[in-house]
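Visitor: Contents of entry_35.cif (mmCIF, C-alpha atoms and all ligand atoms):
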```cif
data_run
loop_
_atom_site.label_atom_id
_atom_site.label_comp_id
_atom_site.auth_asym_id
_atom_site.auth_seq_id
_atom_site.Cartn_x
_atom_site.Cartn_y
_atom_site.Cartn_z
CA MET K 230 0.00 0.00 0.00
CA LYS K 231 1.28 3.48 -0.89
CA ALA K 232 1.89 5.99 1.92
CA ARG K 233 -0.50 8.93 1.93
CA VAL K 234 0.39 12.53 1.13
CA LEU K 235 -1.71 15.59 2.00
CA SER K 236 -1.18 19.26 1.29
CA GLY K 237 -3.21 22.38 0.54
CA VAL K 238 -3.37 25.96 -0.70
CA GLN K 239 -5.65 28.73 0.53
CA PRO K 240 -7.92 30.26 -2.11
CA SER K 241 -7.22 33.61 -0.49
CA GLY K 242 -5.90 35.56 -3.47
CA ASN K 243 -3.87 35.17 -6.63
CA LEU K 244 -1.57 32.17 -6.50
CA HIS K 245 2.05 33.16 -7.06
CA ILE K 246 5.29 31.57 -8.12
CA GLY K 247 6.15 30.93 -4.44
CA ASN K 248 3.04 28.74 -4.09
CA TYR K 249 4.02 26.95 -7.28
CA LEU K 250 7.72 26.38 -6.54
CA GLY K 251 7.22 25.76 -2.82
CA ALA K 252 4.22 23.47 -3.17
CA LEU K 253 2.39 22.69 -6.45
CA LYS K 254 5.46 21.75 -8.53
CA ASN K 255 6.65 19.38 -5.82
CA TRP K 256 3.19 17.82 -5.53
CA ALA K 257 3.04 17.12 -9.24
CA GLU K 258 6.48 15.49 -9.09
CA ILE K 259 5.76 13.14 -6.19
CA GLN K 260 2.06 12.34 -6.74
CA GLY K 261 2.72 9.00 -8.46
CA GLN K 262 4.74 7.64 -5.55
CA TYR K 263 1.99 8.18 -2.97
CA GLU K 264 -1.73 8.11 -2.46
CA SER K 265 -2.09 11.85 -2.85
CA ILE K 266 -4.76 14.23 -1.57
CA PHE K 267 -4.51 17.90 -2.48
CA CYS K 268 -6.84 20.32 -0.87
CA ILE K 269 -8.19 23.81 -1.52
CA VAL K 270 -8.26 24.97 2.07
CA ASP K 271 -11.15 27.42 2.01
CA LEU K 272 -11.82 27.07 5.76
CA HIS K 273 -8.31 28.43 6.31
CA ALA K 274 -8.91 31.32 3.93
CA ILE K 275 -11.85 32.61 6.02
CA THR K 276 -9.62 33.14 9.06
CA ILE K 277 -9.30 36.54 7.37
CA TYR K 278 -12.43 38.14 5.85
CA GLN K 279 -13.04 37.08 2.23
CA GLN K 280 -15.65 38.65 -0.01
CA PRO K 281 -18.05 35.67 -0.54
CA ALA K 282 -18.45 35.89 -4.35
CA GLU K 283 -14.69 36.33 -4.78
CA LEU K 284 -13.96 33.39 -2.50
CA ALA K 285 -16.35 31.16 -4.47
CA ALA K 286 -14.55 32.10 -7.71
CA LYS K 287 -11.07 31.68 -6.16
CA ILE K 288 -11.92 28.15 -5.01
CA ARG K 289 -12.53 27.12 -8.64
CA GLU K 290 -9.55 29.11 -9.91
CA THR K 291 -7.29 27.38 -7.39
CA ALA K 292 -8.62 23.94 -8.37
CA ALA K 293 -8.00 24.75 -12.04
CA LEU K 294 -4.46 25.87 -11.19
CA PHE K 295 -3.78 22.59 -9.38
CA ILE K 296 -4.66 20.70 -12.56
CA ALA K 297 -2.80 23.17 -14.79
CA SER K 298 0.31 22.75 -12.62
CA GLY K 299 0.36 19.01 -13.28
CA ILE K 300 -1.80 17.53 -10.53
CA ASP K 301 -3.53 14.67 -12.30
CA PRO K 302 -7.08 14.13 -10.97
CA GLU K 303 -6.90 10.48 -12.03
CA GLN K 304 -3.87 9.90 -9.80
CA SER K 305 -4.58 12.39 -7.01
CA SER K 306 -7.73 13.38 -5.17
CA ILE K 307 -8.38 17.12 -5.47
CA ILE K 308 -10.82 18.26 -2.79
CA VAL K 309 -12.34 21.40 -1.31
CA GLN K 310 -11.77 21.35 2.44
CA SER K 311 -15.25 22.64 3.38
CA SER K 312 -16.91 19.87 1.35
CA VAL K 313 -15.67 17.26 3.85
CA SER K 314 -17.14 18.02 7.28
CA GLY K 315 -14.52 15.87 9.03
CA HIS K 316 -11.95 18.69 8.76
CA ALA K 317 -13.98 20.97 11.03
CA GLU K 318 -15.11 18.13 13.29
CA LEU K 319 -11.62 16.77 13.91
CA SER K 320 -10.35 20.30 14.38
CA TRP K 321 -12.64 20.72 17.41
CA LEU K 322 -11.55 17.41 18.92
CA LEU K 323 -7.89 18.40 18.53
CA THR K 324 -8.53 21.91 19.88
CA CYS K 325 -9.45 20.30 23.16
CA VAL K 326 -6.00 18.71 23.52
CA THR K 327 -4.00 21.77 22.35
CA PRO K 328 -2.49 24.06 25.00
CA LEU K 329 -3.17 27.72 24.18
CA GLY K 330 0.50 28.62 24.70
CA TRP K 331 1.49 26.41 21.73
CA LEU K 332 -0.74 28.51 19.46
CA TYR K 333 0.43 31.91 20.71
CA ARG K 334 4.00 30.90 19.85
CA MET K 335 3.26 30.49 16.10
CA THR K 336 5.17 33.03 14.00
CA GLN K 337 2.47 33.21 11.33
CA PHE K 338 -0.15 34.08 13.95
CA LYS K 339 2.06 36.87 15.28
CA THR K 340 2.72 38.34 11.80
CA LYS K 341 -0.82 38.00 10.49
CA SER K 342 -2.50 39.29 13.66
CA GLU K 343 -0.35 42.44 13.59
CA LYS K 344 -2.02 43.34 10.28
CA GLN K 345 -5.62 42.92 11.60
CA GLU K 346 -7.75 45.44 13.45
CA THR K 347 -9.78 42.64 15.01
CA ILE K 348 -8.11 39.29 15.45
CA GLY K 349 -10.59 36.46 14.83
CA ALA K 350 -10.25 33.39 17.06
CA GLY K 351 -9.91 31.38 13.84
CA LEU K 352 -6.54 32.96 13.12
CA LEU K 353 -5.14 31.56 16.36
CA GLN K 354 -6.89 28.25 15.68
CA TYR K 355 -5.45 28.01 12.13
CA PRO K 356 -2.64 25.49 12.91
CA VAL K 357 -5.07 23.16 14.72
CA LEU K 358 -7.28 23.08 11.63
CA MET K 359 -4.16 22.39 9.56
CA THR K 360 -3.28 19.55 11.94
CA ALA K 361 -6.81 18.19 11.47
CA ASP K 362 -6.42 18.33 7.66
CA ILE K 363 -3.33 16.15 7.90
CA LEU K 364 -4.41 13.72 10.63
CA LEU K 365 -7.87 13.26 9.10
CA TYR K 366 -6.24 11.31 6.28
CA GLN K 367 -3.46 9.76 8.40
CA ALA K 368 -0.99 11.39 6.00
CA ALA K 369 2.61 10.20 6.34
CA LEU K 370 4.08 13.09 4.34
CA VAL K 371 3.20 16.75 3.94
CA PRO K 372 4.97 18.61 1.11
CA VAL K 373 4.99 22.35 1.91
CA GLY K 374 7.07 25.49 1.59
CA ASP K 375 9.44 26.36 4.41
CA ASP K 376 6.99 28.87 5.98
CA GLN K 377 4.82 25.95 7.08
CA SER K 378 7.60 24.02 8.88
CA GLN K 379 6.64 25.42 12.30
CA HIS K 380 2.99 24.45 11.79
CA LEU K 381 4.08 20.93 10.85
CA GLU K 382 6.12 20.62 14.05
CA LEU K 383 3.02 21.68 15.96
CA ALA K 384 0.95 19.09 14.10
CA ARG K 385 3.36 16.38 15.29
CA ASP K 386 3.20 17.73 18.87
CA ILE K 387 -0.61 17.68 18.83
CA ALA K 388 -0.70 14.16 17.33
CA GLN K 389 1.77 12.94 19.94
CA ARG K 390 -0.19 14.54 22.79
CA PHE K 391 -3.42 12.98 21.56
CA ASN K 392 -1.81 9.56 21.15
CA SER K 393 -0.33 9.67 24.64
CA LEU K 394 -3.62 10.81 26.23
CA TYR K 395 -5.98 8.49 24.36
CA GLY K 396 -3.85 5.73 22.82
CA GLU K 397 -2.29 5.35 19.34
CA THR K 398 -4.73 7.02 16.95
CA PHE K 399 -2.74 9.11 14.49
CA VAL K 400 0.12 8.51 12.07
CA MET K 401 3.01 10.93 12.73
CA PRO K 402 3.34 13.16 9.64
CA ALA K 403 6.75 14.09 8.18
CA THR K 404 7.52 17.37 6.41
CA SER K 405 8.84 17.41 2.83
CA LEU K 406 10.48 20.62 1.59
CA PRO K 407 11.59 21.18 -2.03
CA SER K 408 15.39 21.36 -2.51
CA VAL K 409 15.11 24.68 -4.40
CA GLY K 410 12.32 27.23 -4.00
CA ALA K 411 11.26 26.32 -0.46
CA ARG K 412 11.04 30.02 0.43
CA ILE K 413 10.61 32.48 -2.42
CA MET K 414 10.90 36.08 -1.28
CA GLY K 415 9.06 39.20 -2.43
CA LEU K 416 10.54 40.87 -5.52
CA ASP K 417 10.11 44.31 -3.96
CA ASP K 418 11.47 43.24 -0.56
CA PRO K 419 13.63 40.10 -0.55
CA THR K 420 13.58 40.01 3.25
CA GLN K 421 9.84 39.15 3.22
CA LYS K 422 8.28 35.90 2.03
CA MET K 423 6.41 36.25 -1.27
CA SER K 424 2.77 36.27 -0.21
CA LYS K 425 -0.68 36.49 -1.80
CA SER K 426 -1.86 39.11 0.65
CA ALA K 427 1.15 41.47 0.49
CA PRO K 428 0.26 44.88 -0.93
CA GLY K 429 1.90 46.34 -4.04
CA THR K 430 2.03 45.25 -7.67
CA GLY K 431 5.78 44.57 -7.68
CA HIS K 432 5.77 42.00 -4.88
CA ALA K 433 4.68 38.69 -6.39
CA ILE K 434 4.77 36.97 -9.78
CA GLY K 435 1.22 35.71 -10.26
CA LEU K 436 0.84 32.29 -11.90
CA LEU K 437 -1.60 33.92 -14.31
CA ASP K 438 0.43 37.09 -14.97
CA ASP K 439 0.88 38.11 -18.58
CA PRO K 440 4.50 37.61 -19.85
CA LYS K 441 4.90 41.38 -20.26
CA VAL K 442 3.86 41.94 -16.67
CA ILE K 443 6.29 39.24 -15.52
CA ALA K 444 9.14 40.92 -17.44
CA LYS K 445 8.29 44.27 -15.90
CA LYS K 446 8.10 42.89 -12.36
CA ILE K 447 11.43 41.06 -12.62
CA GLY K 448 13.01 44.08 -14.31
CA ARG K 449 12.05 46.18 -11.29
CA ALA K 450 13.00 43.57 -8.67
CA THR K 451 15.20 44.84 -5.85
CA THR K 452 18.88 43.99 -6.30
CA ASP K 453 21.84 45.97 -4.88
CA SER K 454 24.37 48.57 -5.95
CA SER K 455 26.73 46.21 -7.87
CA PRO K 456 26.48 46.20 -11.69
CA ALA K 457 26.77 42.42 -12.12
CA VAL K 458 26.22 39.10 -10.35
CA ASP K 459 28.99 38.40 -7.87
CA LEU K 460 28.69 34.82 -6.61
CA GLU K 461 31.13 35.56 -3.75
CA ASN K 462 28.89 38.27 -2.43
CA ILE K 463 25.23 37.51 -3.14
CA SER K 464 22.64 39.97 -1.85
CA PRO K 465 19.15 38.71 -0.81
CA GLY K 466 17.51 40.10 -3.99
CA ILE K 467 19.96 38.29 -6.30
CA ALA K 468 19.78 35.10 -4.22
CA ASN K 469 16.00 35.15 -4.64
CA LEU K 470 16.16 35.65 -8.42
CA LEU K 471 18.74 32.85 -8.67
CA ALA K 472 16.45 30.54 -6.71
CA ILE K 473 13.49 31.42 -8.95
CA GLY K 474 15.58 30.87 -12.10
CA GLU K 475 17.00 27.54 -10.90
CA ALA K 476 13.66 26.23 -9.71
CA CYS K 477 11.88 27.19 -12.96
CA ASP K 478 14.52 25.90 -15.36
CA PRO K 479 16.74 22.90 -14.47
CA THR K 480 19.31 24.06 -17.08
CA PHE K 481 19.66 27.40 -15.30
CA ARG K 482 22.86 27.21 -13.25
CA LYS K 483 24.05 29.66 -10.65
CA GLU K 484 27.53 29.38 -12.19
CA THR K 485 26.37 30.56 -15.63
CA ALA K 486 24.94 33.68 -13.99
CA ALA K 487 28.38 34.61 -12.58
CA SER K 488 29.44 38.09 -13.69
CA MET K 489 26.30 38.59 -15.79
CA ARG K 490 25.23 42.21 -15.79
CA TYR K 491 21.99 42.67 -13.88
CA GLY K 492 19.99 43.61 -17.00
CA ASP K 493 21.02 40.38 -18.79
CA PHE K 494 20.64 38.30 -15.67
CA LYS K 495 17.08 39.52 -15.13
CA LYS K 496 16.25 38.76 -18.78
CA ARG K 497 17.50 35.21 -18.28
CA VAL K 498 15.40 34.78 -15.13
CA THR K 499 12.39 36.25 -16.96
CA GLU K 500 12.80 33.70 -19.78
CA ALA K 501 13.00 30.85 -17.27
CA VAL K 502 9.82 32.00 -15.51
CA ILE K 503 7.82 32.65 -18.69
CA SER K 504 8.69 29.32 -20.28
CA ARG K 505 7.73 27.54 -17.06
CA LEU K 506 4.41 29.41 -16.72
CA GLU K 507 3.25 29.47 -20.36
CA PRO K 508 2.05 25.84 -20.53
CA ILE K 509 0.44 26.19 -17.09
CA GLN K 510 -1.49 29.26 -18.23
CA LYS K 511 -2.60 27.52 -21.43
CA LYS K 512 -3.87 24.49 -19.53
CA TYR K 513 -5.54 26.74 -16.94
CA ARG K 514 -7.57 28.50 -19.65
CA GLU K 515 -8.78 25.14 -20.96
CA VAL K 516 -9.78 23.85 -17.51
CA ILE K 517 -11.52 27.00 -16.28
CA ALA K 518 -13.54 27.15 -19.50
CA ASP K 519 -15.11 23.80 -18.62
CA PRO K 520 -16.93 24.22 -15.26
CA GLY K 521 -18.65 20.85 -15.62
CA TYR K 522 -15.30 19.06 -15.77
CA LEU K 523 -13.99 20.97 -12.77
CA GLU K 524 -17.08 20.24 -10.65
CA GLY K 525 -16.72 16.56 -11.63
CA VAL K 526 -13.10 16.49 -10.46
CA LEU K 527 -14.01 18.04 -7.10
CA ALA K 528 -17.02 15.74 -6.58
CA ASP K 529 -14.91 12.72 -7.49
CA GLY K 530 -12.11 13.72 -5.13
CA ARG K 531 -14.61 14.17 -2.30
CA GLN K 532 -16.18 10.74 -2.88
CA ARG K 533 -12.77 9.09 -2.81
CA VAL K 534 -11.61 10.65 0.47
CA LEU K 535 -14.89 10.63 2.41
CA PRO K 536 -14.57 7.05 3.78
CA ILE K 537 -11.05 7.79 5.08
CA ALA K 538 -12.22 10.99 6.80
CA GLU K 539 -15.30 9.34 8.33
CA GLU K 540 -13.24 6.45 9.68
CA THR K 541 -10.71 8.79 11.35
CA VAL K 542 -13.42 10.89 12.99
CA ARG K 543 -15.14 7.74 14.26
CA LYS K 544 -11.87 6.34 15.59
CA THR K 545 -10.94 9.64 17.28
CA LYS K 546 -14.35 10.04 18.92
CA ALA K 547 -14.29 6.44 20.12
CA ALA K 548 -10.79 6.90 21.59
CA MET K 549 -12.06 9.93 23.54
CA GLY K 550 -15.14 8.13 24.83
CA LEU K 551 -17.59 10.18 22.80
CA TYR K 552 -20.87 8.76 21.52
CA VAL K 553 -20.30 6.94 18.23
N1 LIG I 601 6.95 32.47 -0.75
C1 LIG I 601 6.79 31.16 -0.75
N2 LIG I 601 7.82 30.35 -1.11
C2 LIG I 601 7.67 28.99 -1.12
N3 LIG I 601 6.50 28.39 -0.77
C3 LIG I 601 5.46 29.16 -0.40
N4 LIG I 601 4.20 28.88 -0.02
C4 LIG I 601 3.53 30.03 0.23
N5 LIG I 601 4.33 31.08 0.01
C5 LIG I 601 5.54 30.58 -0.38
C6 LIG I 601 3.68 27.52 0.09
O1 LIG I 601 2.48 27.46 -0.68
C7 LIG I 601 1.58 26.55 -0.05
C8 LIG I 601 0.25 27.21 0.07
O2 LIG I 601 0.32 28.36 0.88
P1 LIG I 601 -1.01 28.93 1.51
O3 LIG I 601 -1.86 29.48 0.47
O4 LIG I 601 -1.67 27.89 2.30
O5 LIG I 601 -0.64 29.98 2.58
P2 LIG I 601 0.54 30.88 2.77
O6 LIG I 601 1.73 30.07 3.02
O7 LIG I 601 0.21 31.77 3.91
O8 LIG I 601 0.61 31.62 1.39
P3 LIG I 601 0.60 33.10 1.10
O9 LIG I 601 0.87 33.21 -0.33
O10 LIG I 601 1.50 33.83 2.01
O11 LIG I 601 -0.90 33.50 1.32
P4 LIG I 601 -1.58 34.52 2.30
O12 LIG I 601 -0.97 35.83 2.01
O13 LIG I 601 -3.02 34.42 1.96
O14 LIG I 601 -1.28 34.06 3.69
C9 LIG I 601 2.19 26.17 1.29
O15 LIG I 601 2.78 24.90 1.16
C10 LIG I 601 3.24 27.21 1.51
O16 LIG I 601 4.31 26.74 2.28
#
```
Show me, as structure tokens, the structure contained in the file I just sent.

Guide:
Amino acid sequence: MKARVLSGVQPSGNLHIGNYLGALKNWAEIQGQYESIFCIVDLHAITIYQQPAELAAKIRETAALFIASGIDPEQSSIIVQSSVSGHAELSWLLTCVTPLGWLYRMTQFKTKSEKQETIGAGLLQYPVLMTADILLYQAALVPVGDDQSQHLELARDIAQRFNSLYGETFVMPATSLPSVGARIMGLDDPTQKMSKSAPGTGHAIGLLDDPKVIAKKIGRATTDSSPAVDLENISPGIANLLAIGEACDPTFRKETAASMRYGDFKKRVTEAVISRLEPIQKKYREVIADPGYLEGVLADGRQRVLPIAEETVRKTKAAMGLYV
């Protein structure tokens, strides 16, 4: 039997090259080796207010981008988190074994809550819901970008605590990070992680950005005061562009960029990004134009995973002495 893999993306904005290189690309590469479940985590997205009609459209757009990025719905189950009630149900059961102090320590909670006028309880609860997503399917491996490593450690702590309180119930999930592209930084500020919600048009390369827009964004990306790439002394902006180039194009080597003038170097990175994204954009347009197909994929995915989710919730409730 193949080990199970679970991962997800929030439909909280425009997916960017960080989401692709940190997560989607890796998922597409490993999906054949595992029993894979990839999830549009809409319940996570609502930890911050989302305009309902936009959220509904983003859920479908994200599903179409999964398929366009190479996730094969025949091989992998593509699901919408809110369509399987076990995510929310298990989340409550796990909340009851999670010390509050563990949640206050989460870096993402600290950063995201600083930006909110009112901090919803769901934002603090976010990593417990993520733990539920993983444990619900007894996933052995969770391929994510580096920003999620702390949440994964917490997921293991919660699983361990539950198992020691109520007996062996959950598989301990391992983290899988991509070798290149695990943390793509903002083009305008290479000290900040590239993020969907960051303001400014020069921050992120959207997966659906027009090639001209991509060229403009990379052309304006922050570098430093040197005229050319100096591999002995790489600034954060250049390191980020090198990582993007290498992750998009396997023939792109750091060494070949040595001494390239910044203008030429940025052109080379732009070419690597555009040739990586062009086929994804083409496939995306085909998939999004066929809503019936997309709904079928999501309904199919749900049907496949439902028995696993129901069994885990039953087992967890029984372990806790709840009425089953
Ligand atoms: N900059 C990044 N570099 C590499 N990987 C990244 N991921 C996100 N940003 C980068 C990975 O993409 C997957 C899905 O992320 P998410 O949508 O669940 O949430 P996020 O990590 O919080 O993404 P954003 O883009 O920063 O969204 P907002 O602004 O809405 O919070 C995860 O595997 C993540 O590691």

Visitor: Near Leu250 in chain K, counting all atoms listed in the file, which residues have an atom at most 8 Å away, once you skip same-chain residues fewer than 3 positions from it, shown as a list of chain:residue names?

Guide: K:Ile246, K:Gly247, K:Leu253, K:Lys254, K:Asn255, K:Pro407, K:Val409, K:Gly410, K:Ala411, K:Ile413, K:Ala476, K:Cys477

Visitor: Distance table requested - chain K against ligand LIG 601 (chain I), cut-off 7 Å, all atoms listed in the file: one row per qualifying residue with the closest atom pair and its distance in Å to one decimal, ordered by chain and rising residue number, as a tab-separated table.

Guide:
```
residue	atom	partner	partner_atom	distance
K:Ser236	CA	I:LIG601	O15	6.9
K:Gly237	CA	I:LIG601	C8	6.0
K:Val238	CA	I:LIG601	C8	3.9
K:Gln239	CA	I:LIG601	O3	3.9
K:Pro240	CA	I:LIG601	O3	6.6
K:Ser241	CA	I:LIG601	O13	4.9
K:Gly242	CA	I:LIG601	O13	6.3
K:Leu244	CA	I:LIG601	O9	6.7
K:His245	CA	I:LIG601	O9	6.8
K:Gly247	CA	I:LIG601	C1	3.8
K:Asn248	CA	I:LIG601	O1	3.7
K:Tyr249	CA	I:LIG601	O1	6.8
K:Leu250	CA	I:LIG601	C2	6.0
K:Gly251	CA	I:LIG601	N3	3.4
K:Ala252	CA	I:LIG601	O15	4.8
K:Ala274	CA	I:LIG601	O13	6.9
K:Pro372	CA	I:LIG601	O15	6.7
K:Val373	CA	I:LIG601	O15	3.5
K:Gly374	CA	I:LIG601	O16	3.1
K:Asp375	CA	I:LIG601	O16	5.6
K:Asp376	CA	I:LIG601	O16	5.0
K:Gln377	CA	I:LIG601	O16	4.9
K:Gly410	CA	I:LIG601	C2	5.7
K:Ala411	CA	I:LIG601	C2	4.5
K:Arg412	CA	I:LIG601	N2	3.6
K:Ile413	CA	I:LIG601	N2	3.7
K:Met414	CA	I:LIG601	N1	5.4
K:Lys422	CA	I:LIG601	N1	4.6
K:Met423	CA	I:LIG601	N1	3.9
K:Ser424	CA	I:LIG601	O10	3.5
K:Lys425	CA	I:LIG601	O12	3.9
K:Ser426	CA	I:LIG601	O12	3.7
K:Ala427	CA	I:LIG601	O12	6.2
```

Visitor: Write a file of the just-selected residues containing C-alpha atoms, as an mmCIF file, keeping the file's coordinate frame.

Guide:
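This went into selection_9.cif:
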```cif
data_model
loop_
_atom_site.group_PDB
_atom_site.id
_atom_site.type_symbol
_atom_site.label_atom_id
_atom_site.label_comp_id
_atom_site.auth_asym_id
_atom_site.auth_seq_id
_atom_site.Cartn_x
_atom_site.Cartn_y
_atom_site.Cartn_z
ATOM 1 C CA SER K 236 -1.180 19.260 1.290
ATOM 2 C CA GLY K 237 -3.210 22.380 0.540
ATOM 3 C CA VAL K 238 -3.370 25.960 -0.700
ATOM 4 C CA GLN K 239 -5.650 28.730 0.530
ATOM 5 C CA PRO K 240 -7.920 30.260 -2.110
ATOM 6 C CA SER K 241 -7.220 33.610 -0.490
ATOM 7 C CA GLY K 242 -5.900 35.560 -3.470
ATOM 8 C CA LEU K 244 -1.570 32.170 -6.500
ATOM 9 C CA HIS K 245 2.050 33.160 -7.060
ATOM 10 C CA GLY K 247 6.150 30.930 -4.440
ATOM 11 C CA ASN K 248 3.040 28.740 -4.090
ATOM 12 C CA TYR K 249 4.020 26.950 -7.280
ATOM 13 C CA LEU K 250 7.720 26.380 -6.540
ATOM 14 C CA GLY K 251 7.220 25.760 -2.820
ATOM 15 C CA ALA K 252 4.220 23.470 -3.170
ATOM 16 C CA ALA K 274 -8.910 31.320 3.930
ATOM 17 C CA PRO K 372 4.970 18.610 1.110
ATOM 18 C CA VAL K 373 4.990 22.350 1.910
ATOM 19 C CA GLY K 374 7.070 25.490 1.590
ATOM 20 C CA ASP K 375 9.440 26.360 4.410
ATOM 21 C CA ASP K 376 6.990 28.870 5.980
ATOM 22 C CA GLN K 377 4.820 25.950 7.080
ATOM 23 C CA GLY K 410 12.320 27.230 -4.000
ATOM 24 C CA ALA K 411 11.260 26.320 -0.460
ATOM 25 C CA ARG K 412 11.040 30.020 0.430
ATOM 26 C CA ILE K 413 10.610 32.480 -2.420
ATOM 27 C CA MET K 414 10.900 36.080 -1.280
ATOM 28 C CA LYS K 422 8.280 35.900 2.030
ATOM 29 C CA MET K 423 6.410 36.250 -1.270
ATOM 30 C CA SER K 424 2.770 36.270 -0.210
ATOM 31 C CA LYS K 425 -0.680 36.490 -1.800
ATOM 32 C CA SER K 426 -1.860 39.110 0.650
ATOM 33 C CA ALA K 427 1.150 41.470 0.490
#
```

Visitor: Using all atoms listed in the file, determine which residues lie at most 12 Å from Gly550 in chain K, disregarding the query and same-chain residues fewer than 6 positions distant; provide the list as a list in words.

Guide: Leu322, Leu394, Tyr395, Gly396, Arg543 and Lys544 of chain K

Visitor: Counting all atoms listed in the file, which residue out of K:Ser342, K:Ile296, K:Ala548, K:Ala538 sits closest to Glu515 in chain K?

Guide: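 Of K:Ser342, K:Ile296, K:Ala548, K:Ala538, the one nearest Glu515 in chain K is K:Ile296, counting all atoms listed in the file.
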
Visitor: From the list K:Ile288, K:Ile517, K:Val326, K:Leu332, which residue is nearest Ile387 in chain K when using only C-alpha atoms?

Guide: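 Result for the nearest residue to Ile387 in chain K: K:Val326.
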
Visitor: Under the rule that only C-alpha atoms are counted, which of K:Ala384, K:Arg497, K:Thr336, K:Tyr491 is the nearest residue to Ser455 in chain K?

Guide: K:Tyr491

Visitor: Would you compute the distance between CA of Ala232 in chain K and CA of Glu264 in chain K? Give it in Å to one decimal.

Guide: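 Separating CA of Ala232 in chain K from CA of Glu264 in chain K is a distance of 6.1 Å.
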
Visitor: Within 10 Å of Phe494 in chain K, counting only C-alpha atoms, which residues qualify if same-chain residues fewer than 3 places away don't, as a ChimeraX atom specification?

Guide: /K:448,457-458,467,470-471,474,485-491,497-500

Visitor: Taking into account all atoms listed in the file, which residue in the set K:Arg505, K:His380, K:Arg482, K:His432 is nearest to Leu358 in chain K?

Guide: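 Among K:Arg505, K:His380, K:Arg482, K:His432, it is K:His380 that comes nearest to Leu358 in chain K.
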
Visitor: When you count all atoms listed in the file, which of these residues is closest to Ile300 in chain K: K:Ala468, K:Ile363, K:Ala528, K:Cys268?

Guide: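 Of all the options, K:Cys268 lies closest to Ile300 in chain K.
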
Visitor: Within 10 Å of Ala444 in chain K, counting all atoms listed in the file, which residues qualify if same-chain residues fewer than 4 places away don't, as a ChimeraX atom specification?

Guide: /K:434,438-440,448-450,495-496,498-500,502-503

Visitor: My list of candidates is K:Thr480, K:Ser298, K:Gln280, K:Thr398. Which is closest to Lys512 in chain K when distances are computed with all atoms listed in the file?

Guide: K:Ser298

Visitor: For Val234 in chain K, please output as a count of residues only all residues within 8 Å (counting only C-alpha atoms; exclusion window: fewer than 3 positions along the same chain).

Guide: 9

Visitor: To one decimal place in Å, what is the distance between CA of Ala257 in chain K and CA of Gln279 in chain K?

Guide: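 Calculated distance between CA of Ala257 in chain K and CA of Gln279 in chain K is 28.1 Å.
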
Visitor: What is the CA of Ile348 in chain K-CA of Gly330 in chain K distance in Å, reported with one decimal?

Guide: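 Computed distance, CA of Ile348 in chain K to CA of Gly330 in chain K, equals 16.5 Å.
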
Visitor: Produce range 365-376 of chain K of the given structure as output with C-alpha atoms, as a compact mmCIF listing (two decimals), in the first residue's frame.

Guide:
```
# COMPACT_ATOMS: atom_id res chain seq x y z
CA LEU K 365 -7.87 13.26 9.10
CA TYR K 366 -6.24 11.31 6.28
CA GLN K 367 -3.46 9.76 8.40
CA ALA K 368 -0.99 11.39 6.00
CA ALA K 369 2.61 10.20 6.34
CA LEU K 370 4.08 13.09 4.34
CA VAL K 371 3.20 16.75 3.94
CA PRO K 372 4.97 18.61 1.11
CA VAL K 373 4.99 22.35 1.91
CA GLY K 374 7.07 25.49 1.59
CA ASP K 375 9.44 26.36 4.41
CA ASP K 376 6.99 28.87 5.98
```
